[in-house]
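Report on one structure; see the data block that follows.
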Amino acid sequence: MKKYYKYIVSILLLFSSCEEEIKLELAGGAKKIVIEGNIENGKVAEVIITRNSPLSQVIDFSSILIKNAKVYVSDGIITDTLHLDTLLTTSIPFVYTGSKIKGKVGVMYQLTVIVDADTYTASTVIPSPIALDSVWWKPQPPEDTLGYAWGHLTDPKGLGNAYRWFAKRPLKTRIMNGQIVILNRRYLAPIGSTFDDKFIDGKSFDIFYNRSYDPTETLISENESQNERNLYKKSDTIYIKFCTINNETAKFYTTYEAAISSNGNPFASPSTIIGNLQGGALGIWAGYGATYDTIMPRP
């Protein structure tokens, strides 16, 4: 799977009737290991490990994917050795997965990753899940058959809670150019779906999110309007995964989303993505206190 990213910056400055063209060349940057891992209540750990790639180069997963890492997760008593597996439910289908340890609320989990004799570590705790009070679909005027997925949340009193919303529609398969294309294979978190209780501590309120697009899906219906791609249909079944997370995880995804939002804008303020990995790797080791809901189609 290959994606092409072009990033060209050209700035013209005018000083005292003199015009000068300033060309900025992007350096490749330092080579880094990128780790995105999580452990959820009732589920085994999942860890994706890649090497970073400059924006100016073609992303070839066969060259950036790390398949020979040694990956361990420990709960302080048991150490689980993770093995490379193929999953359809993650952004990159090649994932290191555990087998011995299933996540429990309140337990601290230590991640250790060894790549090319370098060791990277992080720890996380699965917070107590805080479920949504209710979920529903609501049309977005002027549309009457397209709208957002909504939920009602009551935040417990006491600062420190943080959340992340994911959603997906039922799995579908289609034939494209003689090949089977799988759609809606994973839960997606729309931009802005990570938040904390800094301004909503102890309050009860509604939240809503658009339908997020999966860039790894190769099929986008030419018959869909922009609104149809961004909103849910009245006839959609919508599966909601609502996660309680700690502040480290919230800080990573909010800074990650800020970087994504400003990607390609040379005038945007530089964004630093703040992770919790030790040893020089980029990324996050997250604990998810997850609850699940379903929005059923409306007649």
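We label chains A, B, ... in the order they appear in the structure tokens, count residues from 1 in each chain, and number ligands from 1 in the order shown.
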Which residues are close to region 184-200 of chain A, i.e. within 6 Å by only C-alpha atoms, leaving aside same-chain residues fewer than 5 positions away? Reply as a count of residues only. 12
Determine, counting only C-alpha atoms, which protein, DNA and RNA residues have an atom within 6 Å of an atom of Thr294 (chain A); residues of the same chain fewer than 5 positions away are not included. Present the result as an mmCIF file with N, CA, C and O atoms, in the first residue's frame.
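This went into around.cif:
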```
data_model
loop_
_atom_site.group_PDB
_atom_site.id
_atom_site.type_symbol
_atom_site.label_atom_id
_atom_site.label_comp_id
_atom_site.auth_asym_id
_atom_site.auth_seq_id
_atom_site.Cartn_x
_atom_site.Cartn_y
_atom_site.Cartn_z
ATOM 1 N N ILE A 238 -24.890 2.165 13.745
ATOM 2 C CA ILE A 238 -23.645 2.809 14.165
ATOM 3 C C ILE A 238 -23.183 2.179 15.475
ATOM 4 O O ILE A 238 -23.902 2.216 16.485
ATOM 5 N N TYR A 239 -21.997 1.593 15.448
ATOM 6 C CA TYR A 239 -21.409 1.014 16.654
ATOM 7 C C TYR A 239 -20.492 2.054 17.306
ATOM 8 O O TYR A 239 -19.592 2.597 16.659
ATOM 9 N N ILE A 240 -20.730 2.314 18.587
ATOM 10 C CA ILE A 240 -19.962 3.313 19.326
ATOM 11 C C ILE A 240 -19.029 2.612 20.317
ATOM 12 O O ILE A 240 -19.453 1.724 21.066
#
```
Hey, what does DSSP flag as helix (DSSP H, G or I) within region 116-298 of chain A? Can you give it to me as a PDB file with N, CA and C atoms, in the first residue's frame?
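Wrote states.pdb, looks like this:
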```
ATOM      1  N   GLN A 226     -20.434  14.937  -0.672  1.00  0.00           N
ATOM      2  CA  GLN A 226     -19.538  15.233   0.439  1.00  0.00           C
ATOM      3  C   GLN A 226     -20.253  15.046   1.767  1.00  0.00           C
ATOM      4  N   ASN A 227     -21.528  15.473   1.828  1.00  0.00           N
ATOM      5  CA  ASN A 227     -22.291  15.298   3.058  1.00  0.00           C
ATOM      6  C   ASN A 227     -22.474  13.825   3.403  1.00  0.00           C
ATOM      7  N   GLU A 228     -22.703  12.997   2.398  1.00  0.00           N
ATOM      8  CA  GLU A 228     -22.877  11.565   2.637  1.00  0.00           C
ATOM      9  C   GLU A 228     -21.603  10.930   3.166  1.00  0.00           C
ATOM     10  N   ARG A 229     -20.437  11.470   2.775  1.00  0.00           N
ATOM     11  CA  ARG A 229     -19.163  10.928   3.260  1.00  0.00           C
ATOM     12  C   ARG A 229     -18.870  11.380   4.684  1.00  0.00           C
ATOM     13  N   ASN A 230     -19.420  12.536   5.082  1.00  0.00           N
ATOM     14  CA  ASN A 230     -19.118  13.093   6.400  1.00  0.00           C
ATOM     15  C   ASN A 230     -20.178  12.783   7.450  1.00  0.00           C
ATOM     16  N   ASN A 247      -4.527  11.086  31.195  1.00  0.00           N
ATOM     17  CA  ASN A 247      -4.134  12.377  30.629  1.00  0.00           C
ATOM     18  C   ASN A 247      -2.978  12.263  29.646  1.00  0.00           C
ATOM     19  N   GLU A 248      -2.073  11.307  29.848  1.00  0.00           N
ATOM     20  CA  GLU A 248      -0.974  11.109  28.904  1.00  0.00           C
ATOM     21  C   GLU A 248      -1.499  10.729  27.523  1.00  0.00           C
ATOM     22  N   THR A 249      -2.452   9.806  27.513  1.00  0.00           N
ATOM     23  CA  THR A 249      -3.035   9.376  26.244  1.00  0.00           C
ATOM     24  C   THR A 249      -3.813  10.513  25.595  1.00  0.00           C
ATOM     25  N   ALA A 250      -4.566  11.259  26.391  1.00  0.00           N
ATOM     26  CA  ALA A 250      -5.318  12.400  25.857  1.00  0.00           C
ATOM     27  C   ALA A 250      -4.378  13.447  25.267  1.00  0.00           C
ATOM     28  N   LYS A 251      -3.277  13.702  25.948  1.00  0.00           N
ATOM     29  CA  LYS A 251      -2.321  14.708  25.453  1.00  0.00           C
ATOM     30  C   LYS A 251      -1.696  14.255  24.134  1.00  0.00           C
ATOM     31  N   PHE A 252      -1.416  12.951  24.020  1.00  0.00           N
ATOM     32  CA  PHE A 252      -0.843  12.458  22.767  1.00  0.00           C
ATOM     33  C   PHE A 252      -1.810  12.675  21.610  1.00  0.00           C
ATOM     34  N   TYR A 253      -3.062  12.243  21.782  1.00  0.00           N
ATOM     35  CA  TYR A 253      -3.991  12.302  20.647  1.00  0.00           C
ATOM     36  C   TYR A 253      -4.448  13.728  20.338  1.00  0.00           C
ATOM     37  N   THR A 254      -4.536  14.607  21.321  1.00  0.00           N
ATOM     38  CA  THR A 254      -4.886  15.996  21.012  1.00  0.00           C
ATOM     39  C   THR A 254      -3.746  16.697  20.277  1.00  0.00           C
ATOM     40  N   THR A 255      -2.497  16.420  20.657  1.00  0.00           N
ATOM     41  CA  THR A 255      -1.369  17.025  19.932  1.00  0.00           C
ATOM     42  C   THR A 255      -1.194  16.375  18.565  1.00  0.00           C
ATOM     43  N   TYR A 256      -1.507  15.083  18.475  1.00  0.00           N
ATOM     44  CA  TYR A 256      -1.472  14.398  17.178  1.00  0.00           C
ATOM     45  C   TYR A 256      -2.518  14.996  16.231  1.00  0.00           C
ATOM     46  N   GLU A 257      -3.732  15.216  16.737  1.00  0.00           N
ATOM     47  CA  GLU A 257      -4.786  15.787  15.911  1.00  0.00           C
ATOM     48  C   GLU A 257      -4.447  17.218  15.486  1.00  0.00           C
ATOM     49  N   ALA A 258      -3.788  17.973  16.372  1.00  0.00           N
ATOM     50  CA  ALA A 258      -3.376  19.337  16.011  1.00  0.00           C
ATOM     51  C   ALA A 258      -2.363  19.302  14.871  1.00  0.00           C
ATOM     52  N   ALA A 259      -1.447  18.327  14.924  1.00  0.00           N
ATOM     53  CA  ALA A 259      -0.453  18.198  13.852  1.00  0.00           C
ATOM     54  C   ALA A 259      -1.113  17.793  12.538  1.00  0.00           C
ATOM     55  N   ILE A 260      -2.082  16.874  12.612  1.00  0.00           N
ATOM     56  CA  ILE A 260      -2.794  16.451  11.415  1.00  0.00           C
ATOM     57  C   ILE A 260      -3.562  17.618  10.802  1.00  0.00           C
ATOM     58  N   SER A 261      -4.199  18.425  11.654  1.00  0.00           N
ATOM     59  CA  SER A 261      -5.016  19.537  11.166  1.00  0.00           C
ATOM     60  C   SER A 261      -4.188  20.598  10.463  1.00  0.00           C
TER      61      SER A 261
END
```
Using only C-alpha atoms, can you tell me which of A:Gly280, A:Met108, A:Tyr232, A:Ile49 comes closest to Pro139 (chain A)? A:Tyr232
To one decimal place in Å, what is the distance between CA of Val135 (chain A) and CA of Pro170 (chain A)?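 Between CA of Val135 (chain A) and CA of Pro170 (chain A) the gap is 16.8 Å.
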Just want the 6 Å neighbourhood of region 146-151 of chain A, counted on only C-alpha atoms, with same-chain residues fewer than 3 positions away dropped. Output as an MDAnalysis selection string. chainID A and resid 134:140 143 206:210 231:234
Selection file, N, CA and C atoms, as a JSON list (two decimals), in the first residue's frame:
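Everything below was put into out23.json:
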```json
[["chain", "number", "residue", "atom", "x", "y", "z"],
["A", 134, "SER", "N", -26.64, 7.62, 27.05],
["A", 134, "SER", "CA", -27.49, 7.23, 25.93],
["A", 134, "SER", "C", -26.81, 7.64, 24.63],
["A", 135, "VAL", "N", -27.23, 7.02, 23.52],
["A", 135, "VAL", "CA", -26.70, 7.35, 22.20],
["A", 135, "VAL", "C", -27.86, 7.41, 21.21],
["A", 136, "TRP", "N", -27.75, 8.24, 20.17],
["A", 136, "TRP", "CA", -28.81, 8.35, 19.18],
["A", 136, "TRP", "C", -28.28, 9.03, 17.92],
["A", 137, "TRP", "N", -29.07, 8.90, 16.86],
["A", 137, "TRP", "CA", -28.80, 9.59, 15.60],
["A", 137, "TRP", "C", -29.76, 10.77, 15.48],
["A", 138, "LYS", "N", -29.26, 11.88, 14.90],
["A", 138, "LYS", "CA", -30.10, 13.08, 14.74],
["A", 138, "LYS", "C", -29.78, 13.73, 13.41],
["A", 139, "PRO", "N", -30.79, 14.10, 12.62],
["A", 139, "PRO", "CA", -30.51, 14.73, 11.32],
["A", 139, "PRO", "C", -29.87, 16.11, 11.49],
["A", 140, "GLN", "N", -29.06, 16.46, 10.52],
["A", 140, "GLN", "CA", -28.38, 17.75, 10.53],
["A", 140, "GLN", "C", -29.01, 18.64, 9.44],
["A", 143, "GLU", "N", -30.44, 18.72, 5.94],
["A", 143, "GLU", "CA", -30.64, 17.30, 5.63],
["A", 143, "GLU", "C", -31.69, 16.70, 6.56],
["A", 206, "ASP", "N", -24.45, 16.84, 26.07],
["A", 206, "ASP", "CA", -24.50, 16.07, 24.83],
["A", 206, "ASP", "C", -23.22, 16.26, 24.04],
["A", 207, "ILE", "N", -22.79, 15.22, 23.35],
["A", 207, "ILE", "CA", -21.67, 15.30, 22.41],
["A", 207, "ILE", "C", -22.12, 14.69, 21.09],
["A", 208, "PHE", "N", -21.52, 15.13, 19.99],
["A", 208, "PHE", "CA", -21.86, 14.56, 18.68],
["A", 208, "PHE", "C", -20.64, 14.55, 17.80],
["A", 209, "TYR", "N", -20.62, 13.59, 16.86],
["A", 209, "TYR", "CA", -19.46, 13.45, 15.97],
["A", 209, "TYR", "C", -19.91, 13.05, 14.57],
["A", 210, "ASN", "N", -19.08, 13.46, 13.62],
["A", 210, "ASN", "CA", -19.32, 13.11, 12.23],
["A", 210, "ASN", "C", -18.84, 11.69, 11.95],
["A", 231, "LEU", "N", -21.39, 12.44, 7.01],
["A", 231, "LEU", "CA", -22.49, 12.22, 7.94],
["A", 231, "LEU", "C", -22.99, 10.78, 7.85],
["A", 232, "TYR", "N", -23.73, 10.39, 8.89],
["A", 232, "TYR", "CA", -24.33, 9.06, 8.91],
["A", 232, "TYR", "C", -25.72, 9.11, 8.30],
["A", 233, "LYS", "N", -26.09, 8.05, 7.63],
["A", 233, "LYS", "CA", -27.43, 7.95, 7.07],
["A", 233, "LYS", "C", -28.42, 7.52, 8.15],
["A", 234, "LYS", "N", -29.65, 7.92, 7.95],
["A", 234, "LYS", "CA", -30.73, 7.53, 8.87],
["A", 234, "LYS", "C", -30.84, 6.02, 8.96]]
```
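Across A:Arg51, A:Val95, A:Lys104, A:Val115, the tightest approach to Asp75 (chain A) is made by A:Lys104 when counting only C-alpha atoms.
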So how many Å separate CA of His83 (chain A) and CA of Leu65 (chain A), to one decimal?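 Separating CA of His83 (chain A) from CA of Leu65 (chain A) is a distance of 14.2 Å.
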With only C-alpha atoms as the basis for distance, which of A:Lys32, A:Lys100, A:His152, A:Lys70 is at the shortest distance from Leu132 (chain A)? A:His152
Could you pull out the strand (DSSP E) residues of region 95-186 of chain A from DSSP and send them as a PyMOL selection string? chain A and resi 95-97+108-115+118-125+134-139+146-154+162-168+172-176+179-183
Using only C-alpha atoms, the shortest atom-to-atom distance to Tyr292 (chain A) among A:Leu183, A:Leu87, A:Ile35, A:Cys243 belongs to A:Cys243
Using only C-alpha atoms, determine which residues lie at most 10 Å from Ser235 (chain A), disregarding the query and same-chain residues fewer than 6 positions distant; provide the list as a VMD selection string. chain A and resid 137 145 to 146 296 to 299
Next, write the just-selected residues to a file, as a compact mmCIF listing (two decimals), in the first residue's frame, keeping all heavy atoms as the atom set.
```
# COMPACT_ATOMS: atom_id res chain seq x y z
N TRP A 137 -29.07 8.90 16.86
CA TRP A 137 -28.80 9.59 15.60
C TRP A 137 -29.76 10.77 15.48
O TRP A 137 -30.92 10.68 15.89
CB TRP A 137 -28.99 8.65 14.43
CG TRP A 137 -28.85 9.32 13.07
CD1 TRP A 137 -27.72 9.47 12.34
CD2 TRP A 137 -29.90 9.91 12.30
NE1 TRP A 137 -27.98 10.12 11.16
CE2 TRP A 137 -29.33 10.41 11.11
CE3 TRP A 137 -31.28 10.08 12.49
CZ2 TRP A 137 -30.07 11.05 10.12
CZ3 TRP A 137 -32.02 10.72 11.53
CH2 TRP A 137 -31.42 11.20 10.35
N THR A 145 -32.17 13.03 6.13
CA THR A 145 -31.78 11.61 6.19
C THR A 145 -30.29 11.44 6.47
O THR A 145 -29.79 10.33 6.47
CB THR A 145 -32.13 10.90 4.87
OG1 THR A 145 -31.41 11.52 3.79
CG2 THR A 145 -33.61 10.93 4.60
N LEU A 146 -29.59 12.55 6.72
CA LEU A 146 -28.17 12.52 7.06
C LEU A 146 -27.95 13.31 8.35
O LEU A 146 -28.58 14.35 8.55
CB LEU A 146 -27.31 13.14 5.94
CG LEU A 146 -27.33 12.44 4.58
CD1 LEU A 146 -26.59 13.29 3.55
CD2 LEU A 146 -26.71 11.06 4.68
N MET A 296 -29.29 2.13 16.52
CA MET A 296 -30.03 1.32 15.54
C MET A 296 -30.64 2.22 14.47
O MET A 296 -30.94 3.39 14.72
CB MET A 296 -31.12 0.51 16.25
CG MET A 296 -30.58 -0.46 17.29
SD MET A 296 -29.41 -1.66 16.60
CE MET A 296 -30.50 -2.58 15.51
N PRO A 297 -30.82 1.67 13.27
CA PRO A 297 -31.42 2.46 12.18
C PRO A 297 -32.82 2.94 12.56
O PRO A 297 -33.55 2.26 13.29
CB PRO A 297 -31.49 1.48 11.01
CG PRO A 297 -30.52 0.40 11.34
CD PRO A 297 -30.50 0.32 12.84
N ARG A 298 -33.18 4.12 12.05
CA ARG A 298 -34.50 4.66 12.32
C ARG A 298 -35.43 4.38 11.14
O ARG A 298 -35.01 4.39 9.99
CB ARG A 298 -34.41 6.16 12.56
CG ARG A 298 -33.60 6.51 13.81
CD ARG A 298 -33.52 8.00 14.04
NE ARG A 298 -34.86 8.56 14.24
CZ ARG A 298 -35.06 9.84 14.57
NH1 ARG A 298 -34.02 10.67 14.68
NH2 ARG A 298 -36.28 10.31 14.72
N PRO A 299 -36.69 4.11 11.41
CA PRO A 299 -37.65 3.83 10.34
C PRO A 299 -37.93 5.08 9.50
O PRO A 299 -37.70 6.18 9.94
CB PRO A 299 -38.90 3.37 11.10
CG PRO A 299 -38.78 4.01 12.45
CD PRO A 299 -37.31 4.04 12.75
```
Tell me which of A:Thr119, A:Ser204, A:Ser262, A:Thr173 sits closest to Lys157 (chain A), counting only C-alpha atoms. A:Ser204
If we count only C-alpha atoms and set the cut-off at 6 Å, which residues sit around Ala45 (chain A), ignoring sequence neighbours fewer than 5 positions away in its own chain? Please answer as a PyMOL selection string. chain A and resi 38-39+97-98
Write out, as a short mmCIF file (atom, residue, chain, number, x, y, z; two decimals), in the first residue's frame, the residues just selected, with N, CA, C and O atoms.
```cif
data_model
loop_
_atom_site.label_atom_id
_atom_site.label_comp_id
_atom_site.auth_asym_id
_atom_site.auth_seq_id
_atom_site.Cartn_x
_atom_site.Cartn_y
_atom_site.Cartn_z
N ASN A 38 -1.88 -0.29 22.55
CA ASN A 38 -2.93 -0.10 23.55
C ASN A 38 -3.31 -1.43 24.16
O ASN A 38 -3.10 -2.50 23.58
N ILE A 39 -3.87 -1.33 25.35
CA ILE A 39 -4.47 -2.48 26.00
C ILE A 39 -5.80 -2.02 26.58
O ILE A 39 -5.90 -0.97 27.20
N THR A 97 0.47 -8.84 18.86
CA THR A 97 -0.64 -9.07 19.78
C THR A 97 -0.23 -10.01 20.90
O THR A 97 0.62 -10.88 20.73
N GLY A 98 -0.86 -9.82 22.05
CA GLY A 98 -0.59 -10.66 23.20
C GLY A 98 -1.49 -11.87 23.23
O GLY A 98 -2.38 -12.04 22.40
#
```
